[in-house]
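Dropping target-v3.csv in here (CSV, C-alpha atoms):
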```
chain,number,residue,atom,x,y,z
Z,1,MET,CA,0.0,0.0,0.0
Z,2,PRO,CA,1.2,3.5,-0.7
Z,3,SER,CA,1.9,5.4,2.5
Z,4,GLY,CA,-0.3,8.3,1.1
Z,5,GLU,CA,-1.0,11.2,3.3
Z,6,PRO,CA,-1.7,10.2,6.9
Z,7,ARG,CA,-2.0,14.0,7.6
Z,8,ALA,CA,-5.6,13.8,6.3
Z,9,LEU,CA,-6.4,11.3,9.1
Z,10,VAL,CA,-4.8,13.6,11.6
Z,11,ASP,CA,-6.9,16.5,10.4
Z,12,VAL,CA,-10.1,14.5,10.7
Z,13,LEU,CA,-9.1,13.4,14.2
Z,14,THR,CA,-8.3,16.9,15.3
Z,15,GLN,CA,-11.4,18.6,13.9
Z,16,GLU,CA,-13.9,15.9,14.8
Z,17,GLU,CA,-12.6,14.9,18.1
Z,18,PRO,CA,-15.7,15.5,20.2
Z,19,ALA,CA,-17.9,13.7,17.7
Z,20,ILE,CA,-15.5,10.7,17.4
Z,21,LEU,CA,-15.3,10.5,21.2
Z,22,ALA,CA,-19.1,10.6,21.5
Z,23,GLY,CA,-19.5,7.9,18.8
Z,24,TRP,CA,-16.8,5.8,20.4
Z,25,LEU,CA,-18.4,5.9,23.9
Z,26,ARG,CA,-21.7,4.9,22.3
Z,27,ARG,CA,-20.1,2.0,20.6
Z,28,GLN,CA,-18.3,0.9,23.7
Z,29,ALA,CA,-21.6,0.9,25.6
Z,30,ASP,CA,-23.2,-1.2,22.9
Z,31,ALA,CA,-20.3,-3.6,22.5
Z,32,ALA,CA,-19.8,-4.6,26.1
Z,33,ARG,CA,-22.1,-3.6,28.9
Z,34,ARG,CA,-19.4,-3.9,31.4
Z,35,LEU,CA,-17.2,-1.5,29.6
Z,36,GLY,CA,-20.0,1.0,29.4
Z,37,ASP,CA,-20.7,0.7,33.1
Z,38,ASP,CA,-17.3,1.6,34.0
Z,39,PRO,CA,-17.4,5.3,35.2
Z,40,GLU,CA,-13.7,5.7,34.2
Z,41,ILE,CA,-14.3,4.9,30.6
Z,42,PRO,CA,-15.1,8.5,29.3
Z,43,THR,CA,-11.9,9.8,31.0
Z,44,LEU,CA,-9.8,6.9,29.7
Z,45,SER,CA,-11.3,7.3,26.2
Z,46,ARG,CA,-10.6,11.0,26.1
Z,47,ASP,CA,-7.1,10.5,27.4
Z,48,PHE,CA,-6.3,7.8,24.9
Z,49,LEU,CA,-7.8,9.7,22.0
Z,50,ARG,CA,-5.6,12.7,22.9
Z,51,ARG,CA,-2.5,10.6,23.0
Z,52,LEU,CA,-3.4,8.9,19.8
Z,53,ARG,CA,-3.8,12.1,18.0
Z,54,SER,CA,-0.6,13.7,19.2
Z,55,ALA,CA,1.4,10.5,18.3
Z,56,LEU,CA,-0.3,10.4,14.9
Z,57,GLN,CA,0.6,14.0,14.3
Z,58,THR,CA,4.3,13.4,15.0
Z,59,ALA,CA,4.2,10.2,12.9
Z,60,ALA,CA,2.4,11.8,10.0
Z,61,GLN,CA,5.3,14.2,9.6
Z,62,ASP,CA,7.6,11.3,9.0
Z,63,GLY,CA,4.9,9.7,6.8
Z,64,ARG,CA,4.9,6.4,8.8
Z,65,ALA,CA,1.6,6.6,10.4
Z,66,ALA,CA,0.7,2.9,10.3
Z,67,ASP,CA,3.9,1.5,11.9
Z,68,VAL,CA,3.0,0.9,15.6
Z,69,ASN,CA,6.5,-0.4,16.2
Z,70,ALA,CA,8.0,3.1,15.5
Z,71,PRO,CA,9.4,4.9,18.6
Z,72,VAL,CA,6.8,7.6,18.1
Z,73,TRP,CA,4.1,5.2,19.4
Z,74,SER,CA,5.9,4.2,22.6
Z,75,GLU,CA,3.9,6.7,24.7
Z,76,VAL,CA,0.6,5.4,23.4
Z,77,LYS,CA,1.8,1.9,23.9
Z,78,ASP,CA,2.9,2.6,27.5
Z,79,TRP,CA,-0.5,4.0,28.2
Z,80,LEU,CA,-2.1,0.9,26.7
Z,81,ASN,CA,0.3,-1.2,28.7
Z,82,ASP,CA,-1.0,0.2,32.0
Z,83,PHE,CA,-4.5,0.1,30.9
Z,84,SER,CA,-4.4,-3.5,29.8
Z,85,ARG,CA,-2.7,-4.7,33.0
Z,86,GLN,CA,-5.2,-2.9,35.1
Z,87,ARG,CA,-8.0,-4.5,33.1
Z,88,ALA,CA,-6.4,-8.0,33.5
Z,89,ARG,CA,-6.2,-7.4,37.3
Z,90,GLN,CA,-9.8,-6.2,37.4
Z,91,GLY,CA,-11.0,-9.4,35.8
Z,92,TYR,CA,-12.0,-8.1,32.3
Z,93,SER,CA,-11.8,-10.7,29.5
Z,94,PRO,CA,-9.2,-10.2,26.7
Z,95,SER,CA,-11.9,-9.4,24.2
Z,96,GLU,CA,-13.5,-6.8,26.5
Z,97,THR,CA,-10.1,-5.2,26.9
Z,98,ALA,CA,-9.3,-5.3,23.1
Z,99,THR,CA,-12.8,-4.0,22.3
Z,100,PHE,CA,-11.8,-0.7,23.9
Z,101,VAL,CA,-9.4,-0.1,21.0
Z,102,PHE,CA,-11.4,-1.8,18.3
Z,103,SER,CA,-14.6,0.0,18.9
Z,104,LEU,CA,-12.9,3.3,18.1
Z,105,LYS,CA,-12.8,2.1,14.5
Z,106,HIS,CA,-16.5,2.5,13.9
Z,107,ALA,CA,-16.7,6.0,15.2
Z,108,LEU,CA,-13.6,7.0,13.3
Z,109,PHE,CA,-14.8,5.5,10.0
Z,110,GLU,CA,-18.1,7.2,10.3
Z,111,ARG,CA,-16.3,10.6,10.5
Z,112,LEU,CA,-14.0,9.7,7.7
Z,113,ARG,CA,-17.0,8.8,5.5
Z,114,VAL,CA,-18.4,12.3,6.1
Z,115,ALA,CA,-15.1,14.0,5.6
Z,116,PHE,CA,-14.3,12.3,2.3
Z,117,ALA,CA,-17.8,11.9,1.0
Z,118,ASN,CA,-16.7,13.0,-2.4
Z,119,ASP,CA,-13.4,11.3,-2.6
Z,120,ALA,CA,-13.6,7.5,-2.7
Z,121,GLU,CA,-9.9,7.0,-3.2
Z,122,GLN,CA,-8.9,9.2,-0.3
Z,123,LEU,CA,-11.6,7.5,1.9
Z,124,ALA,CA,-10.3,4.0,1.1
Z,125,GLU,CA,-6.7,5.0,1.8
Z,126,GLN,CA,-7.5,6.8,5.1
Z,127,THR,CA,-9.7,3.9,6.2
Z,128,TRP,CA,-6.8,1.6,5.5
Z,129,HIS,CA,-4.4,3.7,7.6
Z,130,ALA,CA,-6.8,3.8,10.5
Z,131,THR,CA,-7.4,0.1,10.3
Z,132,VAL,CA,-3.7,-0.9,10.3
Z,133,LEU,CA,-3.1,1.5,13.1
Z,134,LEU,CA,-5.9,0.5,15.4
Z,135,ASP,CA,-5.4,-3.3,14.6
Z,136,GLY,CA,-1.8,-2.9,15.7
Z,137,LEU,CA,-2.7,-1.2,18.9
Z,138,GLY,CA,-5.6,-3.6,19.6
Z,139,LEU,CA,-3.4,-6.6,19.2
Z,140,TYR,CA,-0.8,-5.0,21.4
Z,141,THR,CA,-3.4,-4.6,24.1
Z,142,THR,CA,-4.3,-8.3,23.9
Z,143,GLU,CA,-0.6,-9.3,24.0
Z,144,VAL,CA,0.0,-7.2,27.1
Z,145,TYR,CA,-3.2,-8.5,28.7
Z,146,GLN,CA,-2.0,-12.0,28.2
Z,147,LYS,CA,1.4,-11.2,29.7
Z,148,GLY,CA,-0.4,-9.6,32.7
Z,149,ARG,CA,-2.4,-12.7,33.2
Z,150,GLU,CA,0.6,-14.9,33.0
Z,151,GLU,CA,2.4,-12.8,35.6
Z,152,VAL,CA,-0.6,-13.2,37.9
Z,153,ILE,CA,-0.5,-17.0,37.4
Z,154,ALA,CA,3.2,-17.3,38.0
Z,155,GLN,CA,2.9,-15.2,41.2
Z,156,GLN,CA,0.1,-17.4,42.5
Z,157,GLN,CA,2.1,-20.5,41.7
Z,158,GLN,CA,5.0,-19.2,43.7
Z,159,GLU,CA,2.7,-18.3,46.6
Z,160,MET,CA,1.1,-21.7,46.6
Z,161,LEU,CA,4.5,-23.3,46.6
Z,162,GLU,CA,5.5,-21.4,49.7
Z,163,LEU,CA,2.2,-21.8,51.4
Z,164,SER,CA,1.8,-25.5,51.0
Z,165,THR,CA,4.9,-26.8,52.7
Z,166,PRO,CA,4.8,-26.0,56.3
Z,167,VAL,CA,6.8,-28.1,58.7
Z,168,VAL,CA,5.3,-28.3,62.2
Z,169,GLN,CA,6.8,-29.5,65.4
Z,170,LEU,CA,4.5,-31.9,67.1
Z,171,TRP,CA,6.7,-32.6,70.1
Z,172,GLU,CA,10.3,-32.2,71.1
Z,173,GLY,CA,12.2,-34.1,68.5
Z,174,ILE,CA,9.1,-34.9,66.4
Z,175,LEU,CA,8.3,-33.0,63.2
Z,176,ALA,CA,5.3,-33.4,60.9
Z,177,LEU,CA,5.1,-32.4,57.3
Z,178,PRO,CA,1.5,-32.3,56.1
Z,179,LEU,CA,1.6,-32.3,52.3
Z,180,ILE,CA,-1.3,-30.8,50.4
Z,181,GLY,CA,-1.6,-31.1,46.6
Z,182,THR,CA,0.4,-33.0,44.0
Z,183,LEU,CA,4.1,-33.6,44.5
Z,184,ASP,CA,6.1,-32.7,41.4
Z,185,SER,CA,9.9,-32.4,41.2
Z,186,ASN,CA,9.8,-28.7,42.0
Z,187,ARG,CA,7.7,-29.1,45.1
Z,188,THR,CA,9.7,-32.1,46.3
Z,189,GLN,CA,12.8,-29.9,46.2
Z,190,VAL,CA,11.1,-27.2,48.3
Z,191,VAL,CA,9.6,-29.8,50.7
Z,192,MET,CA,12.9,-31.6,51.1
Z,193,GLU,CA,14.8,-28.4,51.8
Z,194,SER,CA,12.4,-27.0,54.3
Z,195,LEU,CA,12.1,-30.4,56.1
Z,196,LEU,CA,15.9,-30.9,56.3
Z,197,GLN,CA,16.3,-27.3,57.5
Z,198,ARG,CA,13.8,-27.8,60.3
Z,199,VAL,CA,15.4,-31.1,61.2
Z,200,VAL,CA,18.7,-29.3,61.8
Z,201,GLU,CA,17.0,-26.4,63.7
Z,202,THR,CA,15.0,-28.6,66.0
Z,203,SER,CA,17.4,-31.5,66.1
Z,204,ALA,CA,14.4,-33.8,65.4
Z,205,GLU,CA,14.8,-37.5,65.5
Z,206,ILE,CA,11.6,-38.4,63.8
Z,207,ALA,CA,9.8,-36.8,60.9
Z,208,ILE,CA,6.3,-37.7,59.9
Z,209,ILE,CA,5.2,-37.0,56.3
Z,210,ASP,CA,1.5,-36.9,56.1
Z,211,ILE,CA,0.0,-37.4,52.7
Z,212,THR,CA,-3.7,-37.1,53.5
Z,213,GLY,CA,-3.9,-34.1,51.2
Z,214,VAL,CA,-2.1,-35.7,48.3
Z,215,PRO,CA,-4.8,-36.6,45.8
Z,216,THR,CA,-2.9,-39.3,43.9
Z,217,VAL,CA,0.2,-41.3,44.5
Z,218,ASP,CA,1.8,-42.7,41.3
Z,219,THR,CA,5.2,-44.1,40.8
Z,220,LEU,CA,6.7,-40.7,40.4
Z,221,VAL,CA,5.2,-39.2,43.6
Z,222,ALA,CA,6.3,-42.3,45.4
Z,223,GLN,CA,9.8,-41.9,44.2
Z,224,HIS,CA,9.8,-38.3,45.3
Z,225,LEU,CA,8.5,-39.4,48.8
Z,226,LEU,CA,11.2,-42.0,49.0
Z,227,LYS,CA,13.8,-39.4,48.1
Z,228,THR,CA,12.7,-37.2,50.9
Z,229,VAL,CA,12.8,-40.1,53.3
Z,230,ALA,CA,16.3,-41.1,52.2
Z,231,ALA,CA,17.5,-37.5,52.6
Z,232,ALA,CA,16.1,-37.2,56.1
Z,233,ARG,CA,17.6,-40.5,57.0
Z,234,LEU,CA,21.0,-39.4,55.8
Z,235,MET,CA,20.7,-36.5,58.3
Z,236,GLY,CA,19.9,-38.9,61.0
Z,237,ALA,CA,16.2,-38.5,61.2
Z,238,ASP,CA,13.8,-41.3,60.9
Z,239,CYS,CA,10.9,-40.8,58.5
Z,240,MET,CA,7.4,-42.2,58.6
Z,241,ILE,CA,4.7,-41.8,56.0
Z,242,SER,CA,1.2,-41.4,57.3
Z,243,GLY,CA,-2.3,-40.4,56.0
Z,244,ILE,CA,-2.5,-43.2,53.5
Z,245,ARG,CA,-6.1,-43.5,52.4
Z,246,PRO,CA,-7.6,-46.8,51.4
Z,247,GLN,CA,-7.6,-46.0,47.6
Z,248,ILE,CA,-4.0,-44.8,47.9
Z,249,ALA,CA,-3.0,-48.1,49.6
Z,250,GLN,CA,-4.6,-50.0,46.7
Z,251,THR,CA,-2.9,-47.8,44.1
Z,252,ILE,CA,0.5,-48.3,45.7
Z,253,VAL,CA,0.2,-52.1,45.7
Z,254,HIS,CA,-1.3,-52.2,42.2
Z,255,LEU,CA,1.5,-50.1,40.8
Z,256,GLY,CA,4.0,-52.3,42.5
Z,257,VAL,CA,5.6,-49.2,44.3
Z,258,GLU,CA,8.3,-50.5,46.6
Z,259,LEU,CA,8.2,-48.3,49.7
Z,260,GLY,CA,11.1,-50.3,51.1
Z,261,ASN,CA,11.5,-50.3,54.9
Z,262,VAL,CA,9.7,-47.0,55.4
Z,263,THR,CA,7.2,-47.1,58.2
Z,264,THR,CA,3.7,-46.4,56.9
Z,265,MET,CA,0.7,-45.6,58.9
Z,266,ALA,CA,-3.0,-45.0,58.2
Z,267,THR,CA,-3.3,-41.8,60.2
Z,268,LEU,CA,-1.1,-39.0,61.6
Z,269,ALA,CA,-2.3,-39.9,65.1
Z,270,ASP,CA,-1.0,-43.5,64.7
Z,271,ALA,CA,2.3,-42.2,63.4
Z,272,PHE,CA,2.5,-39.7,66.3
Z,273,GLY,CA,1.9,-42.6,68.8
Z,274,VAL,CA,4.7,-44.7,67.3
Z,275,ALA,CA,7.0,-41.6,67.2
Z,276,LEU,CA,6.3,-41.0,70.9
Z,277,LYS,CA,7.0,-44.7,71.7
Z,278,ARG,CA,10.3,-44.6,69.7
Z,279,THR,CA,11.5,-41.5,71.6
Z,280,GLY,CA,10.7,-43.3,74.9
Z,281,ARG,CA,7.6,-41.3,75.8
Z,282,MET,CA,4.0,-42.3,76.3
Z,283,VAL,CA,0.7,-40.7,76.7
Z,284,THR,CA,-1.4,-41.8,79.7
Z,285,LYS,CA,-4.9,-40.8,80.7
Z,286,LYS,CA,-5.2,-38.9,84.0
Z,287,ALA,CA,-6.5,-41.3,86.7
Z,288,GLU,CA,-10.1,-40.9,87.7
Z,289,THR,CA,-10.2,-38.7,90.8
Z,290,GLY,CA,-14.0,-38.4,91.1
Z,291,ASP,CA,-14.7,-40.7,94.1
Z,292,GLY,CA,-11.8,-39.8,96.3
Z,293,LEU,CA,-12.0,-36.0,96.3
W,1,MET,CA,50.9,-34.8,53.4
W,2,GLU,CA,47.4,-33.8,54.4
W,3,ARG,CA,45.6,-36.3,56.6
W,4,ILE,CA,42.3,-36.4,58.4
W,5,PRO,CA,42.9,-37.1,62.2
W,6,ILE,CA,41.4,-40.2,63.8
W,7,LEU,CA,40.9,-39.7,67.5
W,8,LYS,CA,40.4,-42.6,69.9
W,9,MET,CA,37.8,-42.1,72.6
W,10,GLY,CA,37.5,-45.2,74.8
W,11,GLU,CA,36.5,-48.0,72.6
W,12,PHE,CA,35.3,-45.6,69.9
W,13,LEU,CA,37.1,-43.9,67.1
W,14,LEU,CA,36.2,-40.4,66.2
W,15,VAL,CA,36.8,-39.1,62.6
W,16,THR,CA,36.0,-35.4,62.1
W,17,ILE,CA,36.3,-34.3,58.5
W,18,GLN,CA,37.1,-30.6,58.8
W,19,VAL,CA,38.2,-29.8,55.3
W,20,ASP,CA,36.7,-30.3,51.9
W,21,MET,CA,37.5,-33.8,50.8
W,22,HIS,CA,39.3,-34.5,47.7
W,23,ASP,CA,39.8,-37.9,46.1
W,24,GLN,CA,43.3,-38.6,47.5
W,25,LEU,CA,42.3,-37.5,51.0
W,26,ALA,CA,39.4,-39.9,50.9
W,27,MET,CA,41.6,-42.8,49.8
W,28,THR,CA,44.1,-42.0,52.6
W,29,LEU,CA,41.3,-41.9,55.2
W,30,GLN,CA,40.1,-45.2,54.0
W,31,ASP,CA,43.5,-46.8,54.6
W,32,ASP,CA,44.1,-45.1,57.9
W,33,LEU,CA,40.7,-45.8,59.4
W,34,THR,CA,40.7,-49.5,58.5
W,35,ASP,CA,44.2,-49.8,60.0
W,36,ARG,CA,43.2,-48.0,63.2
W,37,VAL,CA,40.1,-50.1,63.6
W,38,VAL,CA,42.1,-53.3,63.4
W,39,LYS,CA,44.9,-52.0,65.6
W,40,THR,CA,42.8,-50.5,68.4
W,41,LYS,CA,40.0,-53.2,68.2
W,42,ALA,CA,37.5,-50.3,68.2
W,43,ARG,CA,33.9,-51.2,68.8
W,44,GLY,CA,32.5,-48.2,67.2
W,45,VAL,CA,33.4,-45.5,64.6
W,46,LEU,CA,31.8,-42.1,64.4
W,47,ILE,CA,32.3,-40.1,61.3
W,48,ASP,CA,31.5,-36.4,61.6
W,49,ILE,CA,30.9,-34.7,58.3
W,50,SER,CA,29.3,-31.5,59.6
W,51,SER,CA,32.0,-29.3,58.0
W,52,LEU,CA,31.7,-31.1,54.6
W,53,GLU,CA,29.9,-28.7,52.2
W,54,ILE,CA,30.5,-30.2,48.8
W,55,VAL,CA,30.2,-33.8,47.8
W,56,ASP,CA,30.5,-35.4,44.4
W,57,SER,CA,29.6,-38.9,43.4
W,58,PHE,CA,33.1,-40.2,44.3
W,59,ILE,CA,33.2,-38.6,47.8
W,60,GLY,CA,29.7,-39.8,48.4
W,61,ARG,CA,30.6,-43.3,47.5
W,62,MET,CA,33.7,-43.1,49.6
W,63,ILE,CA,31.8,-42.1,52.7
W,64,GLY,CA,29.5,-45.0,52.2
W,65,ASN,CA,32.4,-47.4,51.6
W,66,ILE,CA,34.4,-46.2,54.6
W,67,ALA,CA,31.4,-46.7,56.8
W,68,ALA,CA,30.7,-50.1,55.3
W,69,MET,CA,34.4,-51.2,55.8
W,70,SER,CA,34.3,-50.3,59.5
W,71,SER,CA,31.1,-52.4,59.8
W,72,VAL,CA,32.8,-55.3,58.1
W,73,LEU,CA,35.5,-55.0,60.8
W,74,ASP,CA,32.8,-55.4,63.5
W,75,ALA,CA,32.8,-51.8,64.5
W,76,ALA,CA,29.4,-50.1,64.7
W,77,THR,CA,29.5,-47.1,62.4
W,78,VAL,CA,27.6,-43.9,62.5
W,79,VAL,CA,27.8,-40.9,60.1
W,80,VAL,CA,26.7,-37.7,61.8
W,81,GLY,CA,26.0,-34.1,61.0
W,82,MET,CA,25.3,-34.3,57.4
W,83,ARG,CA,24.2,-30.9,56.0
W,84,PRO,CA,20.8,-30.6,54.2
W,85,ALA,CA,22.4,-29.7,50.9
W,86,VAL,CA,24.8,-32.6,51.1
W,87,ALA,CA,21.9,-35.0,51.9
W,88,ILE,CA,19.9,-33.7,49.0
W,89,THR,CA,22.9,-34.0,46.7
W,90,LEU,CA,23.6,-37.6,47.7
W,91,VAL,CA,19.9,-38.6,47.2
W,92,GLU,CA,19.9,-36.9,43.8
W,93,LEU,CA,23.0,-38.9,42.9
W,94,GLY,CA,21.2,-42.0,43.9
W,95,LEU,CA,23.6,-42.7,46.9
W,96,SER,CA,21.3,-43.2,49.9
W,97,LEU,CA,24.1,-45.0,51.9
W,98,LYS,CA,22.0,-48.0,52.6
W,99,GLY,CA,23.1,-49.9,55.7
W,100,VAL,CA,24.9,-46.9,57.1
W,101,ARG,CA,23.5,-45.5,60.3
W,102,THR,CA,23.2,-41.8,60.7
W,103,ALA,CA,22.6,-39.3,63.5
W,104,LEU,CA,22.0,-35.6,63.6
W,105,ASN,CA,25.0,-34.6,65.7
W,106,VAL,CA,28.0,-36.1,67.6
W,107,GLU,CA,26.1,-36.3,70.9
W,108,LYS,CA,23.3,-38.4,69.3
W,109,GLY,CA,25.8,-40.4,67.4
W,110,ILE,CA,27.7,-41.4,70.5
W,111,ALA,CA,24.4,-42.3,72.2
W,112,LEU,CA,23.5,-44.5,69.2
W,113,LEU,CA,27.0,-46.1,69.3
W,114,ARG,CA,26.7,-46.9,73.0
W,115,THR,CA,23.3,-48.6,72.6
W,116,SER,CA,24.3,-50.6,69.6
W,117,VAL,CA,27.5,-51.8,71.2
W,118,LEU,CA,25.6,-52.7,74.4
W,119,ASP,CA,23.0,-54.5,72.2
W,120,GLY,CA,25.9,-56.4,70.5
W,121,GLN,CA,27.3,-57.5,73.9
W,122,ASP,CA,23.9,-58.7,75.0
W,123,ALA,CA,23.5,-60.7,71.8
W,124,GLY,CA,26.9,-62.1,72.1
W,125,ALA,CA,26.5,-63.1,75.8
```
Represent the structure of the file as structure tokens.
Amino acid sequence: MPSGEPRALVDVLTQEEPAILAGWLRRQADAARRLGDDPEIPTLSRDFLRRLRSALQTAAQDGRAADVNAPVWSEVKDWLNDFSRQRARQGYSPSETATFVFSLKHALFERLRVAFANDAEQLAEQTWHATVLLDGLGLYTTEVYQKGREEVIAQQQQEMLELSTPVVQLWEGILALPLIGTLDSNRTQVVMESLLQRVVETSAEIAIIDITGVPTVDTLVAQHLLKTVAAARLMGADCMISGIRPQIAQTIVHLGVELGNVTTMATLADAFGVALKRTGRMVTKKAETGDGL
Amino acid sequence: MERIPILKMGEFLLVTIQVDMHDQLAMTLQDDLTDRVVKTKARGVLIDISSLEIVDSFIGRMIGNIAAMSSVLDAATVVVGMRPAVAITLVELGLSLKGVRTALNVEKGIALLRTSVLDGQDAGA
């Protein structure tokens, strides 16, 4: 396509700004009810339109209006960047976010049609300029939106990883590690490190790994568990695995998982009882004192 | 030449690895320790590796071997004070030192040696 005269587009934008803005806001309200409901939309729209126009003005002087990768557009893109990330965080969908930019087309084209009513060639060319430009900006919005979402997901993953591996001290020398969720290689690493660290800190002799919250145990998970047990043993702490549900017991045997000589228990309470016994302690019920006193 | 000292405490031998092990040092320790166990008729050996920060597959295997050799010479053997990072590395290398007893620190290691030696006497009597 010939680069033509983007200046005409700038003129239309400048002269017809209020009309374009009004048309755009109407389109936005029609396109997505949620966008229309947002009280910030008129301010945001006016702001965007102003930035768009000033960037276009600068770009038109170089005759490169349609190239959104040009440095001239960085200010508009920065603005869209913030806008898009904010939308992602507020829970807007990608299409709702992109509609913000795309709905400008309709209002702009309407004005172009009026301005170039008698010049079909000019109309086609200016429409093309506007399309390429707004498509580029709209796609950029979607891209940033996607990135924003991915950042949120990554952050949540990190938080889950940290949240889900607490090591609790049940008694002097007895640690418990209640595992929640699936054990993959990354988590095993975190679990192992935090368990071993606590073993050193509390000089624990026995560690109980409770897998009540682990939904499935396949060969890989079992291998990860055994690794953790082996590492704890190397440090001089005995490991027990508790919280094995009936289905899990069945799966373990059906898969032929060899748990070796690791002590396994049905519940955490059982394991705690055994741990107390091994460390030479016992729990007794207080004698009945009702009749004497 | 650099050597790792082997201290005699009663009927136990105490090996404290205070430097980073290299291959030759591990080989020397292996010779020295087996010699000493035979000469002193030690009943127990305690290997303290709390200062050991870096292990590779060779050193990991040597630690296991040295402990196993003492056991063959009828001395109860305990490896104590392994650091978390070292433990994880050994497990990742597939060296879980099967058959070697471990304890968290020297105190617990000595206690473990005492009980196992006593048990051994009971069984022998």
Out of W:Leu33, W:Arg83, W:Met9, W:Ile17, which residue has the shortest atom-to-atom distance to Ile110 in chain W when counting all atoms listed in the file?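 Checking each of W:Leu33, W:Arg83, W:Met9, W:Ile17 against Ile110 in chain W, counting all atoms listed in the file, the winner is W:Met9.
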What are the closest atom pairs, with distances in Å to one decimal, for all residues of chain Z lying within 9 Å of chain W? Consider only C-alpha atoms, order rows by chain and residue number, and present the result as a Markdown table.
```
| residue | atom | partner | partner_atom | distance |
| --- | --- | --- | --- | --- |
| Z:Gln189 | CA | W:Ile88 | CA | 8.5 |
| Z:Met192 | CA | W:Ile88 | CA | 7.6 |
| Z:Glu193 | CA | W:Pro84 | CA | 6.8 |
| Z:Leu195 | CA | W:Pro84 | CA | 8.9 |
| Z:Leu196 | CA | W:Pro84 | CA | 5.3 |
| Z:Gln197 | CA | W:Pro84 | CA | 6.5 |
| Z:Val199 | CA | W:Leu104 | CA | 8.3 |
| Z:Val200 | CA | W:Leu104 | CA | 7.3 |
| Z:Ser203 | CA | W:Leu104 | CA | 6.6 |
| Z:Ala204 | CA | W:Leu104 | CA | 8.0 |
| Z:Glu205 | CA | W:Leu104 | CA | 7.7 |
| Z:Lys227 | CA | W:Val91 | CA | 6.2 |
| Z:Thr228 | CA | W:Val91 | CA | 8.2 |
| Z:Ala230 | CA | W:Ser96 | CA | 5.9 |
| Z:Ala231 | CA | W:Ala87 | CA | 5.1 |
| Z:Ala232 | CA | W:Ala87 | CA | 7.5 |
| Z:Arg233 | CA | W:Thr102 | CA | 6.8 |
| Z:Leu234 | CA | W:Thr102 | CA | 5.9 |
| Z:Met235 | CA | W:Met82 | CA | 5.2 |
| Z:Gly236 | CA | W:Ala103 | CA | 3.7 |
| Z:Ala237 | CA | W:Ala103 | CA | 6.8 |
```
Which distance in Å separates CA of Cys239 in chain Z and CA of Gln18 in chain W, to one decimal?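 Interatomic distance, CA of Cys239 in chain Z to CA of Gln18 in chain W: 28.1 Å.
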Excluding same-chain residues fewer than 4 positions from range 25-27 of chain W, what lies within 8 Å of it counting all atoms listed in the file, as a PyMOL selection string? chain W and resi 2-4+21+31+59+62
Quick one: everything within 10 Å of Val15 in chain W, counting all atoms listed in the file, minus sequence neighbours fewer than 2 positions away in the same chain. Send it as a PyMOL selection string. chain W and resi 4-8+12-13+17-18+29+33+45-49+79
Output C-alpha atoms for every residue in the selection just made, as a short mmCIF file (atom, residue, chain, number, x, y, z; two decimals), keeping the file's coordinate frame.
```cif
data_model
loop_
_atom_site.label_atom_id
_atom_site.label_comp_id
_atom_site.auth_asym_id
_atom_site.auth_seq_id
_atom_site.Cartn_x
_atom_site.Cartn_y
_atom_site.Cartn_z
CA ILE W 4 42.30 -36.40 58.40
CA PRO W 5 42.90 -37.10 62.20
CA ILE W 6 41.40 -40.20 63.80
CA LEU W 7 40.90 -39.70 67.50
CA LYS W 8 40.40 -42.60 69.90
CA PHE W 12 35.30 -45.60 69.90
CA LEU W 13 37.10 -43.90 67.10
CA ILE W 17 36.30 -34.30 58.50
CA GLN W 18 37.10 -30.60 58.80
CA LEU W 29 41.30 -41.90 55.20
CA LEU W 33 40.70 -45.80 59.40
CA VAL W 45 33.40 -45.50 64.60
CA LEU W 46 31.80 -42.10 64.40
CA ILE W 47 32.30 -40.10 61.30
CA ASP W 48 31.50 -36.40 61.60
CA ILE W 49 30.90 -34.70 58.30
CA VAL W 79 27.80 -40.90 60.10
#
```
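Compared by their closest atoms to Leu177 in chain Z, and using only C-alpha atoms, the residues Z:Ser242, Z:Gln61, Z:Ser93, Z:Ser45 rank with Z:Ser242 nearest.
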Kindly give the distance, in Å, that separates CA of Val190 in chain Z and CA of Glu107 in chain W, rounded to a single decimal.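 Computing the Euclidean distance for CA of Val190 in chain Z and CA of Glu107 in chain W yields 28.6 Å.
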Could you write range 258-263 of chain Z as a PDB file, keeping the file's coordinate frame, with N, CA and C atoms rebuilt where they are missing?
```pdb
ATOM      1  N   GLU Z 258       7.533 -49.866  45.502  1.00  0.00           N
ATOM      2  CA  GLU Z 258       8.300 -50.500  46.600  1.00  0.00           C
ATOM      3  C   GLU Z 258       8.612 -49.354  47.603  1.00  0.00           C
ATOM      4  N   LEU Z 259       7.929 -49.362  48.747  1.00  0.00           N
ATOM      5  CA  LEU Z 259       8.200 -48.300  49.700  1.00  0.00           C
ATOM      6  C   LEU Z 259       9.362 -48.718  50.651  1.00  0.00           C
ATOM      7  N   GLY Z 260       9.957 -49.878  50.377  1.00  0.00           N
ATOM      8  CA  GLY Z 260      11.100 -50.300  51.100  1.00  0.00           C
ATOM      9  C   GLY Z 260      10.775 -50.496  52.609  1.00  0.00           C
ATOM     10  N   ASN Z 261      11.710 -50.077  53.469  1.00  0.00           N
ATOM     11  CA  ASN Z 261      11.500 -50.300  54.900  1.00  0.00           C
ATOM     12  C   ASN Z 261      10.979 -49.022  55.579  1.00  0.00           C
ATOM     13  N   VAL Z 262      10.265 -48.202  54.837  1.00  0.00           N
ATOM     14  CA  VAL Z 262       9.700 -47.000  55.400  1.00  0.00           C
ATOM     15  C   VAL Z 262       8.456 -47.365  56.233  1.00  0.00           C
ATOM     16  N   THR Z 263       8.383 -46.838  57.446  1.00  0.00           N
ATOM     17  CA  THR Z 263       7.200 -47.100  58.200  1.00  0.00           C
ATOM     18  C   THR Z 263       6.022 -46.341  57.671  1.00  0.00           C
TER      19      THR Z 263
END
```
